[in-house]
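Engineer: Input structure: run.tsv, which contains TSV, C-alpha atoms and all ligand atoms.
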chain	number	residue	atom	x	y	z
A	1	MET	CA	4.77	21.01	24.43
A	2	SER	CA	4.36	17.22	24.70
A	3	PHE	CA	1.22	15.55	23.38
A	4	ALA	CA	0.14	14.78	26.95
A	5	GLN	CA	0.41	18.48	27.84
A	6	GLN	CA	-1.88	19.40	24.92
A	7	VAL	CA	-4.80	17.40	26.29
A	8	THR	CA	-7.51	19.65	27.74
A	9	GLY	CA	-10.06	17.08	28.96
A	10	SER	CA	-9.59	14.29	31.48
A	11	SER	CA	-10.91	10.88	32.44
A	12	HIS	CA	-13.36	12.60	34.83
A	13	ASP	CA	-15.29	13.91	31.80
A	14	VAL	CA	-16.48	10.34	31.17
A	15	HIS	CA	-18.69	10.54	34.28
A	16	ASN	CA	-20.80	13.22	32.58
A	17	TYR	CA	-22.00	10.67	30.03
A	18	GLY	CA	-22.81	7.55	32.02
A	19	ASP	CA	-22.13	5.28	34.92
A	20	VAL	CA	-18.58	3.97	34.65
A	21	SER	CA	-16.62	2.10	37.31
A	22	ARG	CA	-13.33	3.29	38.78
A	23	GLU	CA	-11.57	0.28	37.20
A	24	THR	CA	-12.94	1.21	33.77
A	25	ILE	CA	-11.75	4.81	34.18
A	26	GLU	CA	-8.29	3.52	35.13
A	27	ARG	CA	-8.17	1.30	32.06
A	28	LEU	CA	-9.32	4.17	29.81
A	29	GLN	CA	-6.57	6.36	31.28
A	30	ILE	CA	-3.94	3.68	30.57
A	31	TYR	CA	-5.21	3.49	27.00
A	32	VAL	CA	-5.17	7.27	26.43
A	33	ASP	CA	-1.66	7.51	27.91
A	34	LEU	CA	-0.55	4.78	25.51
A	35	VAL	CA	-2.07	6.53	22.46
A	36	LEU	CA	-0.24	9.73	23.44
A	37	LYS	CA	3.02	7.83	24.02
A	38	TRP	CA	2.90	6.14	20.61
A	39	GLN	CA	1.54	9.19	18.78
A	40	PRO	CA	4.93	10.82	17.89
A	41	ALA	CA	6.17	7.69	16.09
A	42	GLN	CA	2.89	6.25	14.81
A	43	ASN	CA	0.56	9.23	14.16
A	44	LEU	CA	-2.34	7.16	15.50
A	45	ILE	CA	-4.92	9.97	15.56
A	46	ALA	CA	-5.19	13.26	13.69
A	47	PRO	CA	-2.86	15.69	15.53
A	48	SER	CA	-5.58	18.37	15.58
A	49	THR	CA	-7.77	16.07	17.73
A	50	ILE	CA	-5.18	15.44	20.47
A	51	PRO	CA	-6.40	18.22	22.84
A	52	ASP	CA	-9.92	16.75	22.64
A	53	ILE	CA	-8.90	13.09	22.77
A	54	TRP	CA	-11.27	12.36	25.66
A	55	GLU	CA	-14.35	13.80	24.00
A	56	ARG	CA	-13.60	13.29	20.30
A	57	HIS	CA	-12.33	9.72	20.58
A	58	VAL	CA	-12.94	8.08	23.97
A	59	ILE	CA	-16.40	9.43	24.83
A	60	ASP	CA	-17.53	9.17	21.21
A	61	SER	CA	-16.52	5.49	21.31
A	62	LEU	CA	-18.43	4.74	24.53
A	63	GLY	CA	-21.64	5.05	22.52
A	64	THR	CA	-20.87	1.88	20.54
A	65	LYS	CA	-21.11	-0.56	23.43
A	66	TRP	CA	-23.86	1.44	25.13
A	67	ALA	CA	-25.97	1.21	21.94
A	68	VAL	CA	-25.95	-2.61	22.11
A	69	PRO	CA	-25.27	-3.28	25.79
A	70	ASP	CA	-26.15	-6.99	25.64
A	71	ALA	CA	-23.65	-7.77	22.88
A	72	LYS	CA	-20.54	-9.40	24.33
A	73	THR	CA	-18.77	-10.62	21.20
A	74	TRP	CA	-17.75	-8.00	18.69
A	75	VAL	CA	-15.76	-7.51	15.51
A	76	ASP	CA	-14.31	-4.03	15.08
A	77	ILE	CA	-13.29	-3.51	11.45
A	78	GLY	CA	-10.63	-1.02	10.36
A	79	SER	CA	-9.71	-0.58	14.01
A	80	GLY	CA	-6.83	1.86	13.61
A	81	ALA	CA	-5.77	3.01	17.07
A	82	GLY	CA	-8.75	1.20	18.62
A	83	PHE	CA	-11.67	3.62	18.48
A	84	PRO	CA	-14.22	2.27	19.23
A	85	GLY	CA	-12.95	-1.34	19.60
A	86	ILE	CA	-10.53	-0.91	22.49
A	87	VAL	CA	-13.06	1.25	24.36
A	88	THR	CA	-15.69	-1.50	23.87
A	89	ALA	CA	-13.22	-4.10	25.15
A	90	ILE	CA	-12.42	-1.97	28.19
A	91	LEU	CA	-16.12	-1.45	29.01
A	92	GLN	CA	-16.68	-5.20	29.10
A	93	ALA	CA	-13.29	-6.20	30.51
A	94	ASP	CA	-14.82	-7.73	33.64
A	95	ASP	CA	-17.18	-9.98	31.70
A	96	PRO	CA	-15.53	-13.38	31.20
A	97	ASP	CA	-17.77	-14.17	28.20
A	98	SER	CA	-16.85	-11.02	26.30
A	99	HIS	CA	-14.40	-10.73	23.44
A	100	VAL	CA	-13.58	-8.13	20.78
A	101	HIS	CA	-11.94	-9.11	17.49
A	102	PHE	CA	-10.01	-6.36	15.73
A	103	ILE	CA	-9.31	-6.42	11.99
A	104	GLU	CA	-6.62	-4.00	10.85
A	105	SER	CA	-4.31	-4.07	7.83
A	106	ASN	CA	-1.65	-1.61	9.03
A	107	GLN	CA	1.08	-3.57	10.82
A	108	ARG	CA	2.10	-0.71	13.12
A	109	LYS	CA	-1.49	-0.26	14.26
A	110	VAL	CA	-1.74	-4.03	14.77
A	111	ALA	CA	1.27	-3.79	17.11
A	112	PHE	CA	-0.34	-0.86	18.92
A	113	LEU	CA	-3.68	-2.66	19.35
A	114	ARG	CA	-1.98	-5.73	20.81
A	115	THR	CA	-0.05	-3.54	23.25
A	116	ALA	CA	-3.22	-1.68	24.23
A	117	LEU	CA	-5.04	-4.95	24.97
A	118	ARG	CA	-2.14	-6.25	27.02
A	119	GLU	CA	-1.62	-3.05	29.05
A	120	THR	CA	-5.31	-2.38	29.76
A	121	GLY	CA	-6.18	-6.01	30.53
A	122	ALA	CA	-9.08	-5.87	28.06
A	123	LYS	CA	-10.00	-9.05	26.21
A	124	GLY	CA	-9.57	-9.29	22.46
A	125	THR	CA	-7.75	-10.71	19.47
A	126	VAL	CA	-6.11	-8.68	16.74
A	127	HIS	CA	-6.35	-10.11	13.22
A	128	PRO	CA	-3.80	-8.52	10.89
A	129	GLY	CA	-4.86	-8.16	7.28
A	130	ARG	CA	-7.56	-6.80	5.04
A	131	ILE	CA	-11.15	-7.11	6.22
A	132	GLU	CA	-12.13	-8.73	2.91
A	133	SER	CA	-9.75	-11.67	3.39
A	134	VAL	CA	-9.93	-12.05	7.19
A	135	ALA	CA	-13.75	-12.04	7.13
A	136	LYS	CA	-14.04	-14.53	4.29
A	137	SER	CA	-11.88	-17.12	6.04
A	138	TRP	CA	-13.38	-16.44	9.50
A	139	GLU	CA	-13.05	-19.42	11.86
A	140	HIS	CA	-13.95	-17.81	15.17
A	141	GLY	CA	-17.70	-18.36	15.10
A	142	PRO	CA	-20.52	-15.83	14.91
A	143	VAL	CA	-20.29	-12.54	16.77
A	144	GLU	CA	-23.14	-10.49	18.16
A	145	ALA	CA	-22.10	-7.07	16.87
A	146	VAL	CA	-19.79	-5.45	14.35
A	147	SER	CA	-18.49	-1.91	14.76
A	148	ALA	CA	-16.77	0.56	12.45
A	149	ARG	CA	-15.82	4.22	12.67
A	150	ALA	CA	-14.24	6.45	10.04
A	151	LEU	CA	-13.72	3.57	7.63
A	152	ALA	CA	-16.00	3.70	4.59
A	153	ASN	CA	-19.44	4.70	3.34
A	154	LEU	CA	-22.41	2.67	4.53
A	155	ASP	CA	-22.78	0.68	1.30
A	156	LEU	CA	-19.14	-0.44	1.44
A	157	LEU	CA	-19.37	-1.14	5.19
A	158	LEU	CA	-22.29	-3.51	4.56
A	159	ASN	CA	-20.26	-5.24	1.85
A	160	LEU	CA	-17.19	-5.60	4.05
A	161	SER	CA	-19.10	-6.81	7.10
A	162	GLU	CA	-21.44	-9.22	5.27
A	163	PRO	CA	-19.80	-12.41	6.65
A	164	PHE	CA	-20.60	-11.13	10.17
A	165	TRP	CA	-24.17	-9.86	9.76
A	166	ARG	CA	-25.05	-12.98	7.73
A	167	THR	CA	-24.46	-14.97	10.92
A	168	GLY	CA	-26.55	-12.58	13.02
A	169	ALA	CA	-24.41	-9.61	14.07
A	170	THR	CA	-25.98	-6.20	14.57
A	171	CYS	CA	-23.96	-3.49	12.81
A	172	VAL	CA	-23.06	-0.39	14.83
A	173	PHE	CA	-21.56	2.24	12.56
A	174	HIS	CA	-20.48	5.76	13.51
A	175	LYS	CA	-21.55	8.22	10.85
A	176	GLY	CA	-21.06	11.95	10.35
A	177	GLN	CA	-23.51	14.61	9.26
A	178	ASP	CA	-23.87	13.03	5.81
A	179	PHE	CA	-25.48	9.93	7.34
A	180	GLN	CA	-28.89	10.39	5.64
A	181	ARG	CA	-27.38	10.46	2.16
A	182	GLU	CA	-25.41	7.30	2.97
A	183	VAL	CA	-28.55	5.56	4.25
A	184	ASN	CA	-30.45	6.52	1.08
A	185	GLU	CA	-27.64	5.25	-1.14
A	186	ALA	CA	-27.21	2.00	0.76
A	187	SER	CA	-30.98	1.42	0.68
A	188	GLN	CA	-30.76	0.99	-3.09
A	189	ARG	CA	-28.66	-2.16	-2.64
A	190	TRP	CA	-29.67	-3.45	0.79
A	191	THR	CA	-32.73	-3.82	2.98
A	192	PHE	CA	-32.31	-3.45	6.74
A	193	ASP	CA	-33.97	-2.42	9.97
A	194	LEU	CA	-32.39	0.83	11.10
A	195	VAL	CA	-32.20	2.50	14.48
A	196	GLU	CA	-30.54	5.92	14.65
A	197	ARG	CA	-28.92	7.06	17.85
A	198	ASN	CA	-27.54	10.54	18.41
A	199	SER	CA	-23.80	10.62	18.87
A	200	LEU	CA	-22.83	11.28	22.50
A	201	ILE	CA	-20.73	14.29	21.55
A	202	ASP	CA	-22.19	15.84	18.42
A	203	SER	CA	-25.84	16.44	17.53
A	204	THR	CA	-25.19	16.20	13.79
A	205	SER	CA	-23.55	12.74	13.90
A	206	ARG	CA	-25.27	9.41	14.39
A	207	LEU	CA	-24.71	5.86	15.47
A	208	LEU	CA	-26.51	3.67	12.95
A	209	LEU	CA	-27.70	0.27	14.21
A	210	LEU	CA	-28.58	-2.10	11.39
A	211	SER	CA	-30.13	-5.55	11.69
A	212	ASN	CA	-32.11	-7.99	9.49
A	213	ILE	CA	-29.89	-6.99	6.59
A	214	SER	CA	-30.15	-8.55	3.18
A	215	SER	CA	-29.00	-7.76	-0.31
A	216	ARG	CA	-31.55	-6.65	-2.91
A	217	GLN	CA	-29.44	-8.43	-5.58
A	218	ILE	CA	-30.28	-12.11	-5.30
A	301	LIG	C1	-9.39	6.36	9.32
A	301	LIG	S1	-8.83	5.00	10.21
A	301	LIG	C2	-10.07	4.88	11.47
A	301	LIG	C3	-9.60	4.08	12.63
A	301	LIG	C4	-10.56	4.00	13.83
A	301	LIG	N1	-11.70	3.18	13.55
A	301	LIG	C5	-10.97	5.38	14.29
A	301	LIG	O1	-12.14	5.73	14.18
A	301	LIG	O2	-10.11	6.11	14.79
A	301	LIG	C6	-9.20	3.59	9.20
A	301	LIG	C7	-8.38	2.36	9.55
A	301	LIG	O3	-8.87	1.26	8.80
A	301	LIG	C8	-7.78	0.55	8.27
A	301	LIG	N2	-8.28	-0.06	7.02
A	301	LIG	C9	-8.74	0.61	5.94
A	301	LIG	N3	-9.18	-0.27	5.01
A	301	LIG	C10	-8.96	-1.51	5.53
A	301	LIG	C11	-9.19	-2.84	5.03
A	301	LIG	N4	-9.74	-3.05	3.85
A	301	LIG	N5	-8.87	-3.88	5.84
A	301	LIG	C12	-8.32	-3.66	7.07
A	301	LIG	N6	-8.09	-2.43	7.58
A	301	LIG	C13	-8.40	-1.37	6.82
A	301	LIG	C14	-6.67	1.56	8.07
A	301	LIG	O4	-5.39	0.96	8.12
A	301	LIG	C15	-6.91	2.50	9.24
A	301	LIG	O5	-6.15	2.11	10.37
Could you render the structure as structure tokens?
Structural biologist:
Amino acid sequence: MSFAQQVTGSSHDVHNYGDVSRETIERLQIYVDLVLKWQPAQNLIAPSTIPDIWERHVIDSLGTKWAVPDAKTWVDIGSGAGFPGIVTAILQADDPDSHVHFIESNQRKVAFLRTALRETGAKGTVHPGRIESVAKSWEHGPVEAVSARALANLDLLLNLSEPFWRTGATCVFHKGQDFQREVNEASQRWTFDLVERNSLIDSTSRLLLLSNISSRQI
């Protein structure tokens, strides 16, 4: 059975979660088709999640942009196959002032992300390399939000994204059921204002929105 044949959900499922235009649905479909096409060679997502790609990856990623709807400029760190960054870029594809920057160290995923941007018509720039070095030599101005999913614990995420939140970005981090322990640990090194949002697909997971961040070690 091909990967496409394994998929149980469809683009129509997106309508159960929010108001999304026909053009956005079409772009999301192009993106999902591309992930499935590249999956055999690139192993972009965990094979066990392919049947649920719409819910587990696409719909889960919609929550990022919807959590900070006014943010137009984003950095998505450790982008992988583009969840949530490509979904964010697709949601704001019609806004001429919007832009998503992707930072990814794996060259094959960099190639995939560039192809996904081109084929969906979403706006963004892919920065190949490690977050630590790309962020430290950042020359693209401040961004309004920084996103990450399945990358690192909260303490490390705050370290990695410091060059972006220092210039005013709100952090939007997807976190699993261990989120409270991560918040407690990170609170020992950082102060921040925190808003918790339920994940769109899973009542035990959260989207953590952090702002007014500073280090306790001065
Ligand atoms: C587990 S994947 C998650 C990808 C995507 N955010 C998702 O949720 O599907 C983590 C990705 O981050 C990338 N990555 C990990 N550490 C990195 C670093 N220090 N700099 C840049 N990319 C990194 C890996 O190459 C990988 O593609």
Engineer: Hey, what's within 10 Å of Pro84 (chain A) if we count all atoms listed in the file and toss same-chain stuff fewer than 6 positions away? As a VMD selection string, please?
Structural biologist: chain A and resid 57 to 65 76 to 77 147 to 149 173 to 174
Engineer: Mind listing as a list in words all residues within 8 Å of (-9.8, -9.8, 25.3), counting only C-alpha atoms?
Structural biologist: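 The answer, in the requested form, is Ala89, Ala93, Ser98, His99, Val100, Leu117, Gly121, Ala122, Lys123, Gly124 and Thr125 of chain A.
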Engineer: If you count only C-alpha atoms and all ligand atoms, which residues end up within 8 Å of ligand LIG 301 (chain A), as number ranges by chain?
Structural biologist: A: 44-45, 57, 76-85, 103-106, 109, 128-132, 148-152, 160
Engineer: Could you give me, as a PyMOL selection string, the residues that sit within 10 Å of (-4.4, 19.7, 21.1) in the file's coordinates, counting all atoms listed in the file?
Structural biologist: chain A and resi 1-8+46-53
Engineer: In Å, rounded to a single decimal, give me how far CA of Leu28 (chain A) is from CA of His140 (chain A).
Structural biologist: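 Those two atoms sit 26.8 Å apart.
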Engineer: For CA of Asp70 (chain A) and CA of Ala145 (chain A), quote the distance in Å rounded to one decimal.
Structural biologist: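 So the answer is 9.7 Å.
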Engineer: For Asn16 (chain A), which residue out of A:Ile201, A:Asp33, A:Val146, A:Leu194 is the nearest one, using only C-alpha atoms?
Structural biologist: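 Comparing A:Ile201, A:Asp33, A:Val146, A:Leu194 against Asn16 (chain A), the winner is A:Ile201.
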Engineer: Record the distance separating CA of Val32 (chain A) and CA of Trp54 (chain A), expressed in Å with one decimal.
Structural biologist: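 About the pair CA of Val32 (chain A) and CA of Trp54 (chain A): they are 8.0 Å apart.
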Engineer: Quick one: everything within 10 Å of Glu162 (chain A), counting all atoms listed in the file, minus sequence neighbours fewer than 6 positions away in the same chain. Send it as a ChimeraX atom specification.
Structural biologist: /A:132,135-136,146,156,168-169,171,213-215
Engineer: Only N, CA and C atoms, as a short mmCIF file (atom, residue, chain, number, x, y, z; two decimals), in the first residue's frame: that is what I want for region 104-133 of chain A.
Structural biologist:
data_model
loop_
_atom_site.label_atom_id
_atom_site.label_comp_id
_atom_site.auth_asym_id
_atom_site.auth_seq_id
_atom_site.Cartn_x
_atom_site.Cartn_y
_atom_site.Cartn_z
N GLU A 104 16.91 25.00 9.88
CA GLU A 104 16.98 23.53 9.87
C GLU A 104 18.39 23.11 9.47
N SER A 105 18.95 22.17 10.23
CA SER A 105 20.34 21.77 9.98
C SER A 105 20.46 20.60 9.00
N ASN A 106 19.40 19.84 8.82
CA ASN A 106 19.47 18.66 7.94
C ASN A 106 19.25 19.09 6.48
N GLN A 107 20.28 18.83 5.65
CA GLN A 107 20.25 19.36 4.28
C GLN A 107 19.09 18.80 3.45
N ARG A 108 18.72 17.55 3.70
CA ARG A 108 17.61 16.97 2.91
C ARG A 108 16.29 17.62 3.30
N LYS A 109 16.14 17.94 4.59
CA LYS A 109 14.92 18.63 5.01
C LYS A 109 14.92 20.08 4.51
N VAL A 110 16.10 20.69 4.43
CA VAL A 110 16.20 22.03 3.85
C VAL A 110 15.68 22.00 2.41
N ALA A 111 16.11 21.00 1.65
CA ALA A 111 15.65 20.87 0.25
C ALA A 111 14.14 20.67 0.20
N PHE A 112 13.63 19.85 1.13
CA PHE A 112 12.18 19.63 1.15
C PHE A 112 11.43 20.92 1.48
N LEU A 113 11.90 21.65 2.48
CA LEU A 113 11.21 22.88 2.88
C LEU A 113 11.16 23.89 1.74
N ARG A 114 12.27 24.01 1.01
CA ARG A 114 12.30 24.95 -0.12
C ARG A 114 11.31 24.52 -1.20
N THR A 115 11.24 23.22 -1.43
CA THR A 115 10.28 22.71 -2.44
C THR A 115 8.85 22.96 -1.97
N ALA A 116 8.60 22.74 -0.68
CA ALA A 116 7.24 22.95 -0.16
C ALA A 116 6.82 24.40 -0.29
N LEU A 117 7.73 25.33 -0.01
CA LEU A 117 7.40 26.75 -0.15
C LEU A 117 7.09 27.08 -1.61
N ARG A 118 7.93 26.57 -2.49
CA ARG A 118 7.74 26.87 -3.92
C ARG A 118 6.42 26.30 -4.42
N GLU A 119 6.12 25.06 -4.08
CA GLU A 119 4.94 24.40 -4.66
C GLU A 119 3.63 24.88 -4.03
N THR A 120 3.67 25.33 -2.79
CA THR A 120 2.43 25.82 -2.16
C THR A 120 2.22 27.31 -2.39
N GLY A 121 3.28 28.02 -2.81
CA GLY A 121 3.16 29.47 -2.98
C GLY A 121 3.18 30.22 -1.66
N ALA A 122 3.58 29.55 -0.58
CA ALA A 122 3.67 30.22 0.72
C ALA A 122 4.98 31.01 0.78
N LYS A 123 4.99 32.04 1.63
CA LYS A 123 6.16 32.92 1.66
C LYS A 123 7.09 32.57 2.82
N GLY A 124 8.37 32.36 2.49
CA GLY A 124 9.31 32.06 3.55
C GLY A 124 10.73 31.94 3.02
N THR A 125 11.66 31.87 3.96
CA THR A 125 13.08 31.68 3.63
C THR A 125 13.62 30.55 4.50
N VAL A 126 14.35 29.66 3.87
CA VAL A 126 14.93 28.54 4.63
C VAL A 126 16.40 28.84 4.89
N HIS A 127 16.79 28.80 6.16
CA HIS A 127 18.17 29.06 6.56
C HIS A 127 18.81 27.74 6.97
N PRO A 128 19.71 27.22 6.14
CA PRO A 128 20.34 25.94 6.51
C PRO A 128 21.37 26.15 7.61
N GLY A 129 21.41 25.25 8.57
CA GLY A 129 22.43 25.35 9.60
C GLY A 129 21.85 25.15 10.97
N ARG A 130 22.73 25.22 11.97
CA ARG A 130 22.29 25.03 13.35
C ARG A 130 21.68 26.32 13.88
N ILE A 131 20.64 26.18 14.66
CA ILE A 131 19.93 27.34 15.21
C ILE A 131 20.92 28.26 15.91
N GLU A 132 21.84 27.66 16.70
CA GLU A 132 22.77 28.43 17.51
C GLU A 132 23.57 29.41 16.65
N SER A 133 24.02 28.94 15.46
CA SER A 133 24.85 29.83 14.64
C SER A 133 24.00 30.74 13.77
#
